[in-house]
Amino acid sequence: MELILALAIGVLCGSGVWLILRPRSYQVIVGLCLLAYGVNLFIFAMGRLYIGAAPIMPKGGFVDPTAYADPLPQSLVLTAIVISFATTALFLVVMIAARGVAGTDHVDGRERKP
């Protein structure tokens with residue numbers, strides 16, 4: 001399970017960095033989203049991976065600390081998802097405005113001529 005998650009994090013981060021280095025602004029935004037997903041998975045994996053473990057103590061009950069899923073990374077990932085969604089929406093608005101002003105979606109404003 002950890003190997004698959006590590007490979008997924010690597011693929012997401014690698015694809016995100018590759019897309020960020022592309023010249024079109026839409027590809028940069030998609031790259032930032034992929035990089036954010038990779039970082040979110042990394043933070044989530046830092047909280048230990050358990051299947052069927054309780055994230056919160058039951059009321060009046062006791063949970064074995066070795067089988068307890070840490071809720072802090074889960075809450076951090078949830079917050080990061082909300083922030084990345086808002087940031088992506090802001091980037092899209094800025095990209096549409098810049099395309100309207102400049103007439104192109106190239107990052108440096110110039111397109112190569114074939």
# chains A, B, ... in the order shown; residues from 1 in each chain; ligands from 1
call {"tool": "residues_around", "arguments": {"residues": "Val77 (chain A)", "least_positions_apart": "5", "cutoff": "9 Å", "atoms": "only C-alpha atoms", "output": "list in words"}}
result
Val39, Asn40, Leu41, Ile43, Phe44, Leu72 and Val82 of chain A
call {"tool": "write_last_selection", "arguments": {"atoms": "N, CA and C atoms", "output": "compact mmCIF listing (two decimals), in the first residue's frame"}}
result
# COMPACT_ATOMS: atom_id res chain seq x y z
N VAL A 39 1.19 16.84 -2.92
CA VAL A 39 1.55 17.28 -1.57
C VAL A 39 0.47 16.86 -0.56
N ASN A 40 -0.79 16.94 -0.97
CA ASN A 40 -1.87 16.51 -0.06
C ASN A 40 -1.76 15.01 0.25
N LEU A 41 -1.47 14.20 -0.75
CA LEU A 41 -1.28 12.77 -0.50
C LEU A 41 -0.09 12.52 0.41
N ILE A 43 1.10 14.58 2.75
CA ILE A 43 0.71 14.95 4.12
C ILE A 43 -0.21 13.88 4.71
N PHE A 44 -1.12 13.38 3.89
CA PHE A 44 -2.04 12.34 4.37
C PHE A 44 -1.28 11.06 4.74
N LEU A 72 -4.98 14.80 12.71
CA LEU A 72 -4.37 16.08 12.33
C LEU A 72 -4.00 16.13 10.85
N VAL A 82 -9.33 22.89 0.30
CA VAL A 82 -10.16 24.09 0.17
C VAL A 82 -9.32 25.26 -0.33
call {"tool": "residues_around", "arguments": {"residues": "region 89-91 of chain A", "least_positions_apart": "5", "cutoff": "9 Å", "atoms": "only C-alpha atoms", "output": "list of chain:residue names"}}
result
A:Ile29, A:Ser84, A:Ile96
call {"tool": "write_last_selection", "arguments": {"atoms": "C-alpha atoms", "output": "mmCIF file, in the first residue's frame"}}
result
data_model
loop_
_atom_site.group_PDB
_atom_site.id
_atom_site.type_symbol
_atom_site.label_atom_id
_atom_site.label_comp_id
_atom_site.auth_asym_id
_atom_site.auth_seq_id
_atom_site.Cartn_x
_atom_site.Cartn_y
_atom_site.Cartn_z
ATOM 1 C CA ILE A 29 -2.527 25.850 -13.644
ATOM 2 C CA SER A 84 -6.009 24.945 -3.398
ATOM 3 C CA ILE A 96 -8.832 34.648 -18.483
#
call {"tool": "select_by_dssp", "arguments": {"residues": "chain A", "states": "strand (DSSP E or B)", "output": "list in words"}}
result
Arg24, Ala54, Tyr68 and His106 of chain A
call {"tool": "write_last_selection", "arguments": {"atoms": "N, CA and C atoms", "output": "tab-separated table (two decimals), in the first residue's frame"}}
result
chain	number	residue	atom	x	y	z
A	24	ARG	N	2.43	27.43	-21.68
A	24	ARG	CA	1.03	27.90	-21.67
A	24	ARG	C	0.52	28.03	-20.24
A	54	ALA	N	-10.03	3.95	13.85
A	54	ALA	CA	-10.90	5.07	14.23
A	54	ALA	C	-10.09	6.37	14.21
A	68	TYR	N	-4.65	3.82	16.33
A	68	TYR	CA	-5.36	5.09	16.28
A	68	TYR	C	-4.87	5.89	15.09
A	106	HIS	N	0.23	32.48	-23.52
A	106	HIS	CA	1.62	32.16	-23.25
A	106	HIS	C	2.07	32.86	-21.98
call {"tool": "residues_around", "arguments": {"residues": "region 2-19 of chain A", "least_positions_apart": "2", "cutoff": "8 Å", "atoms": "only C-alpha atoms", "output": "list of chain:residue names"}}
result
A:Leu21, A:Arg22, A:Gln27, A:Val28, A:Val30, A:Gly31, A:Leu32, A:Cys33, A:Leu34, A:Leu35, A:Tyr37, A:Gly38, A:Val39, A:Leu41, A:Phe42, A:Ala45, A:Leu49
call {"tool": "write_last_selection", "arguments": {"atoms": "N, CA and C atoms", "output": "PDB file, in the first residue's frame"}}
result
ATOM      1  N   LEU A  21       6.517  23.798 -15.972  1.00  0.00           N
ATOM      2  CA  LEU A  21       7.580  24.306 -16.836  1.00  0.00           C
ATOM      3  C   LEU A  21       7.127  24.511 -18.280  1.00  0.00           C
ATOM      4  N   ARG A  22       5.888  24.231 -18.613  1.00  0.00           N
ATOM      5  CA  ARG A  22       5.359  24.412 -19.964  1.00  0.00           C
ATOM      6  C   ARG A  22       5.063  25.897 -20.198  1.00  0.00           C
ATOM      7  N   GLN A  27      -1.641  25.063 -18.839  1.00  0.00           N
ATOM      8  CA  GLN A  27      -0.826  23.920 -18.411  1.00  0.00           C
ATOM      9  C   GLN A  27      -0.160  24.198 -17.064  1.00  0.00           C
ATOM     10  N   VAL A  28       0.208  25.438 -16.814  1.00  0.00           N
ATOM     11  CA  VAL A  28       0.794  25.796 -15.516  1.00  0.00           C
ATOM     12  C   VAL A  28      -0.235  25.608 -14.404  1.00  0.00           C
ATOM     13  N   VAL A  30      -2.888  23.561 -14.410  1.00  0.00           N
ATOM     14  CA  VAL A  30      -3.104  22.124 -14.212  1.00  0.00           C
ATOM     15  C   VAL A  30      -1.916  21.512 -13.470  1.00  0.00           C
ATOM     16  N   GLY A  31      -0.704  21.978 -13.768  1.00  0.00           N
ATOM     17  CA  GLY A  31       0.482  21.503 -13.064  1.00  0.00           C
ATOM     18  C   GLY A  31       0.452  21.862 -11.589  1.00  0.00           C
ATOM     19  N   LEU A  32      -0.005  23.065 -11.275  1.00  0.00           N
ATOM     20  CA  LEU A  32      -0.128  23.457  -9.869  1.00  0.00           C
ATOM     21  C   LEU A  32      -1.152  22.590  -9.147  1.00  0.00           C
ATOM     22  N   CYS A  33      -2.247  22.250  -9.826  1.00  0.00           N
ATOM     23  CA  CYS A  33      -3.264  21.373  -9.214  1.00  0.00           C
ATOM     24  C   CYS A  33      -2.676  19.985  -8.939  1.00  0.00           C
ATOM     25  N   LEU A  34      -1.960  19.431  -9.916  1.00  0.00           N
ATOM     26  CA  LEU A  34      -1.359  18.106  -9.717  1.00  0.00           C
ATOM     27  C   LEU A  34      -0.334  18.125  -8.591  1.00  0.00           C
ATOM     28  N   LEU A  35       0.449  19.190  -8.528  1.00  0.00           N
ATOM     29  CA  LEU A  35       1.436  19.313  -7.452  1.00  0.00           C
ATOM     30  C   LEU A  35       0.748  19.419  -6.089  1.00  0.00           C
ATOM     31  N   TYR A  37      -2.179  18.124  -5.332  1.00  0.00           N
ATOM     32  CA  TYR A  37      -2.698  16.784  -4.997  1.00  0.00           C
ATOM     33  C   TYR A  37      -1.579  15.881  -4.483  1.00  0.00           C
ATOM     34  N   GLY A  38      -0.401  15.980  -5.097  1.00  0.00           N
ATOM     35  CA  GLY A  38       0.734  15.184  -4.639  1.00  0.00           C
ATOM     36  C   GLY A  38       1.153  15.550  -3.221  1.00  0.00           C
ATOM     37  N   VAL A  39       1.186  16.835  -2.923  1.00  0.00           N
ATOM     38  CA  VAL A  39       1.549  17.277  -1.570  1.00  0.00           C
ATOM     39  C   VAL A  39       0.475  16.858  -0.564  1.00  0.00           C
ATOM     40  N   LEU A  41      -1.467  14.204  -0.751  1.00  0.00           N
ATOM     41  CA  LEU A  41      -1.284  12.772  -0.499  1.00  0.00           C
ATOM     42  C   LEU A  41      -0.087  12.519   0.405  1.00  0.00           C
ATOM     43  N   PHE A  42       0.980  13.303   0.225  1.00  0.00           N
ATOM     44  CA  PHE A  42       2.160  13.162   1.075  1.00  0.00           C
ATOM     45  C   PHE A  42       1.822  13.491   2.529  1.00  0.00           C
ATOM     46  N   ALA A  45      -0.273  10.720   3.971  1.00  0.00           N
ATOM     47  CA  ALA A  45       0.503   9.509   4.251  1.00  0.00           C
ATOM     48  C   ALA A  45       1.355   9.657   5.502  1.00  0.00           C
ATOM     49  N   LEU A  49      -0.889   5.003   7.622  1.00  0.00           N
ATOM     50  CA  LEU A  49      -1.977   4.442   6.824  1.00  0.00           C
ATOM     51  C   LEU A  49      -2.579   3.259   7.568  1.00  0.00           C
TER      52      LEU A  49
END
call {"tool": "atom_distance", "arguments": {"atom1": "CA of Ile81 (chain A)", "atom2": "CA of Ser25 (chain A)"}}
result
21.1 Å
call {"tool": "closest_residue", "arguments": {"among": "A:Ile20, A:Ile51, A:Tyr26, A:Leu78", "to": "Val94 (chain A)", "atoms": "only C-alpha atoms"}}
result
A:Tyr26
call {"tool": "atom_distance", "arguments": {"atom1": "CA of Ser75 (chain A)", "atom2": "CA of Val93 (chain A)"}}
result
27.6 Å
call {"tool": "closest_residue", "arguments": {"among": "A:Arg48, A:Gln74, A:Ala36, A:Ala69", "to": "Thr87 (chain A)", "atoms": "only C-alpha atoms"}}
result
A:Ala36
call {"tool": "atom_distance", "arguments": {"atom1": "CA of Ala98 (chain A)", "atom2": "CA of Thr79 (chain A)"}}
result
28.5 Å
call {"tool": "select_by_dssp", "arguments": {"residues": "region 3-101 of chain A", "states": "helix (DSSP H, G or I)", "output": "PyMOL selection string"}}
result
chain A and resi 3-20+25-46+65-67+71-101
call {"tool": "decode", "arguments": {"residues": "chain A", "atoms": "C-alpha atoms", "output": "PDB file, in the first residue's frame"}}
result
ATOM      1  CA  MET A   1       0.000   0.000   0.000  1.00  0.00           C
ATOM      2  CA  GLU A   2       2.805   2.411   0.908  1.00  0.00           C
ATOM      3  CA  LEU A   3       4.666   1.639  -2.319  1.00  0.00           C
ATOM      4  CA  ILE A   4       1.623   2.381  -4.464  1.00  0.00           C
ATOM      5  CA  LEU A   5       0.987   5.610  -2.564  1.00  0.00           C
ATOM      6  CA  ALA A   6       4.641   6.649  -2.888  1.00  0.00           C
ATOM      7  CA  LEU A   7       4.525   5.967  -6.644  1.00  0.00           C
ATOM      8  CA  ALA A   8       1.306   7.979  -6.968  1.00  0.00           C
ATOM      9  CA  ILE A   9       2.862  10.892  -5.067  1.00  0.00           C
ATOM     10  CA  GLY A  10       5.940  10.737  -7.284  1.00  0.00           C
ATOM     11  CA  VAL A  11       3.935  10.614 -10.506  1.00  0.00           C
ATOM     12  CA  LEU A  12       1.674  13.493  -9.421  1.00  0.00           C
ATOM     13  CA  CYS A  13       4.580  15.693  -8.309  1.00  0.00           C
ATOM     14  CA  GLY A  14       6.663  14.849 -11.388  1.00  0.00           C
ATOM     15  CA  SER A  15       3.783  15.543 -13.758  1.00  0.00           C
ATOM     16  CA  GLY A  16       2.989  18.746 -11.901  1.00  0.00           C
ATOM     17  CA  VAL A  17       6.537  20.061 -12.152  1.00  0.00           C
ATOM     18  CA  TRP A  18       6.724  19.083 -15.837  1.00  0.00           C
ATOM     19  CA  LEU A  19       3.473  20.946 -16.555  1.00  0.00           C
ATOM     20  CA  ILE A  20       4.565  24.008 -14.548  1.00  0.00           C
ATOM     21  CA  LEU A  21       7.580  24.306 -16.836  1.00  0.00           C
ATOM     22  CA  ARG A  22       5.359  24.412 -19.964  1.00  0.00           C
ATOM     23  CA  PRO A  23       4.846  27.768 -21.721  1.00  0.00           C
ATOM     24  CA  ARG A  24       1.032  27.898 -21.672  1.00  0.00           C
ATOM     25  CA  SER A  25      -0.737  29.305 -18.621  1.00  0.00           C
ATOM     26  CA  TYR A  26      -3.483  26.641 -18.638  1.00  0.00           C
ATOM     27  CA  GLN A  27      -0.826  23.920 -18.411  1.00  0.00           C
ATOM     28  CA  VAL A  28       0.794  25.796 -15.516  1.00  0.00           C
ATOM     29  CA  ILE A  29      -2.527  25.850 -13.644  1.00  0.00           C
ATOM     30  CA  VAL A  30      -3.104  22.124 -14.212  1.00  0.00           C
ATOM     31  CA  GLY A  31       0.482  21.503 -13.064  1.00  0.00           C
ATOM     32  CA  LEU A  32      -0.128  23.457  -9.869  1.00  0.00           C
ATOM     33  CA  CYS A  33      -3.264  21.373  -9.214  1.00  0.00           C
ATOM     34  CA  LEU A  34      -1.359  18.106  -9.717  1.00  0.00           C
ATOM     35  CA  LEU A  35       1.436  19.313  -7.452  1.00  0.00           C
ATOM     36  CA  ALA A  36      -1.120  20.260  -4.783  1.00  0.00           C
ATOM     37  CA  TYR A  37      -2.698  16.784  -4.997  1.00  0.00           C
ATOM     38  CA  GLY A  38       0.734  15.184  -4.639  1.00  0.00           C
ATOM     39  CA  VAL A  39       1.549  17.277  -1.570  1.00  0.00           C
ATOM     40  CA  ASN A  40      -1.870  16.505  -0.064  1.00  0.00           C
ATOM     41  CA  LEU A  41      -1.284  12.772  -0.499  1.00  0.00           C
ATOM     42  CA  PHE A  42       2.160  13.162   1.075  1.00  0.00           C
ATOM     43  CA  ILE A  43       0.708  14.949   4.122  1.00  0.00           C
ATOM     44  CA  PHE A  44      -2.043  12.335   4.367  1.00  0.00           C
ATOM     45  CA  ALA A  45       0.503   9.509   4.251  1.00  0.00           C
ATOM     46  CA  MET A  46       2.503  11.093   7.073  1.00  0.00           C
ATOM     47  CA  GLY A  47      -0.409  10.357   9.429  1.00  0.00           C
ATOM     48  CA  ARG A  48       0.168   6.593   9.049  1.00  0.00           C
ATOM     49  CA  LEU A  49      -1.977   4.442   6.824  1.00  0.00           C
ATOM     50  CA  TYR A  50      -4.539   2.313   8.608  1.00  0.00           C
ATOM     51  CA  ILE A  51      -7.561   0.574   7.181  1.00  0.00           C
ATOM     52  CA  GLY A  52     -10.567   0.578   9.480  1.00  0.00           C
ATOM     53  CA  ALA A  53      -8.893   2.532  12.296  1.00  0.00           C
ATOM     54  CA  ALA A  54     -10.896   5.075  14.232  1.00  0.00           C
ATOM     55  CA  PRO A  55      -9.840   8.681  13.483  1.00  0.00           C
ATOM     56  CA  ILE A  56     -11.630  10.026  16.561  1.00  0.00           C
ATOM     57  CA  MET A  57     -11.963   8.567  20.050  1.00  0.00           C
ATOM     58  CA  PRO A  58     -15.428   7.198  20.652  1.00  0.00           C
ATOM     59  CA  LYS A  59     -17.428   8.880  23.382  1.00  0.00           C
ATOM     60  CA  GLY A  60     -16.575   7.251  26.665  1.00  0.00           C
ATOM     61  CA  GLY A  61     -14.591   4.542  24.926  1.00  0.00           C
ATOM     62  CA  PHE A  62     -10.962   3.668  24.623  1.00  0.00           C
ATOM     63  CA  VAL A  63      -9.006   3.182  21.408  1.00  0.00           C
ATOM     64  CA  ASP A  64      -5.700   1.376  21.392  1.00  0.00           C
ATOM     65  CA  PRO A  65      -3.081   4.077  20.634  1.00  0.00           C
ATOM     66  CA  THR A  66      -1.248   1.762  18.237  1.00  0.00           C
ATOM     67  CA  ALA A  67      -4.397   1.429  16.096  1.00  0.00           C
ATOM     68  CA  TYR A  68      -5.363   5.094  16.278  1.00  0.00           C
ATOM     69  CA  ALA A  69      -5.395   7.096  13.042  1.00  0.00           C
ATOM     70  CA  ASP A  70      -4.061  10.606  13.606  1.00  0.00           C
ATOM     71  CA  PRO A  71      -6.786  13.125  12.636  1.00  0.00           C
ATOM     72  CA  LEU A  72      -4.368  16.079  12.334  1.00  0.00           C
ATOM     73  CA  PRO A  73      -3.037  15.208   8.821  1.00  0.00           C
ATOM     74  CA  GLN A  74      -6.590  14.559   7.675  1.00  0.00           C
ATOM     75  CA  SER A  75      -7.699  17.994   8.845  1.00  0.00           C
ATOM     76  CA  LEU A  76      -4.623  19.614   7.285  1.00  0.00           C
ATOM     77  CA  VAL A  77      -5.359  17.920   3.947  1.00  0.00           C
ATOM     78  CA  LEU A  78      -8.992  19.028   4.078  1.00  0.00           C
ATOM     79  CA  THR A  79      -7.888  22.608   4.693  1.00  0.00           C
ATOM     80  CA  ALA A  80      -5.307  22.365   1.901  1.00  0.00           C
ATOM     81  CA  ILE A  81      -7.941  21.076  -0.531  1.00  0.00           C
ATOM     82  CA  VAL A  82     -10.163  24.093   0.167  1.00  0.00           C
ATOM     83  CA  ILE A  83      -7.259  26.538  -0.155  1.00  0.00           C
ATOM     84  CA  SER A  84      -6.009  24.945  -3.398  1.00  0.00           C
ATOM     85  CA  PHE A  85      -9.524  25.072  -4.884  1.00  0.00           C
ATOM     86  CA  ALA A  86      -9.783  28.790  -4.098  1.00  0.00           C
ATOM     87  CA  THR A  87      -6.291  29.425  -5.456  1.00  0.00           C
ATOM     88  CA  THR A  88      -7.107  27.562  -8.669  1.00  0.00           C
ATOM     89  CA  ALA A  89     -10.265  29.617  -9.126  1.00  0.00           C
ATOM     90  CA  LEU A  90      -8.254  32.817  -8.631  1.00  0.00           C
ATOM     91  CA  PHE A  91      -5.619  31.645 -11.142  1.00  0.00           C
ATOM     92  CA  LEU A  92      -8.313  30.843 -13.707  1.00  0.00           C
ATOM     93  CA  VAL A  93      -9.840  34.320 -13.363  1.00  0.00           C
ATOM     94  CA  VAL A  94      -6.408  35.958 -13.702  1.00  0.00           C
ATOM     95  CA  MET A  95      -5.607  33.733 -16.712  1.00  0.00           C
ATOM     96  CA  ILE A  96      -8.832  34.648 -18.483  1.00  0.00           C
ATOM     97  CA  ALA A  97      -8.227  38.363 -17.810  1.00  0.00           C
ATOM     98  CA  ALA A  98      -4.623  38.140 -19.015  1.00  0.00           C
ATOM     99  CA  ARG A  99      -5.701  36.310 -22.171  1.00  0.00           C
ATOM    100  CA  GLY A 100      -8.263  39.019 -22.839  1.00  0.00           C
ATOM    101  CA  VAL A 101      -5.679  41.780 -22.425  1.00  0.00           C
ATOM    102  CA  ALA A 102      -2.700  40.145 -24.157  1.00  0.00           C
ATOM    103  CA  GLY A 103      -4.561  38.010 -26.690  1.00  0.00           C
ATOM    104  CA  THR A 104      -2.462  34.931 -25.899  1.00  0.00           C
ATOM    105  CA  ASP A 105      -2.146  32.458 -23.054  1.00  0.00           C
ATOM    106  CA  HIS A 106       1.624  32.156 -23.248  1.00  0.00           C
ATOM    107  CA  VAL A 107       3.392  32.775 -19.966  1.00  0.00           C
ATOM    108  CA  ASP A 108       5.832  35.266 -21.466  1.00  0.00           C
ATOM    109  CA  GLY A 109       3.253  36.742 -23.864  1.00  0.00           C
ATOM    110  CA  ARG A 110       5.038  35.570 -27.010  1.00  0.00           C
ATOM    111  CA  GLU A 111       4.293  32.549 -29.132  1.00  0.00           C
ATOM    112  CA  ARG A 112       6.836  30.773 -31.245  1.00  0.00           C
ATOM    113  CA  LYS A 113       6.334  31.017 -34.956  1.00  0.00           C
ATOM    114  CA  PRO A 114       6.382  27.677 -36.751  1.00  0.00           C
TER     115      PRO A 114
END
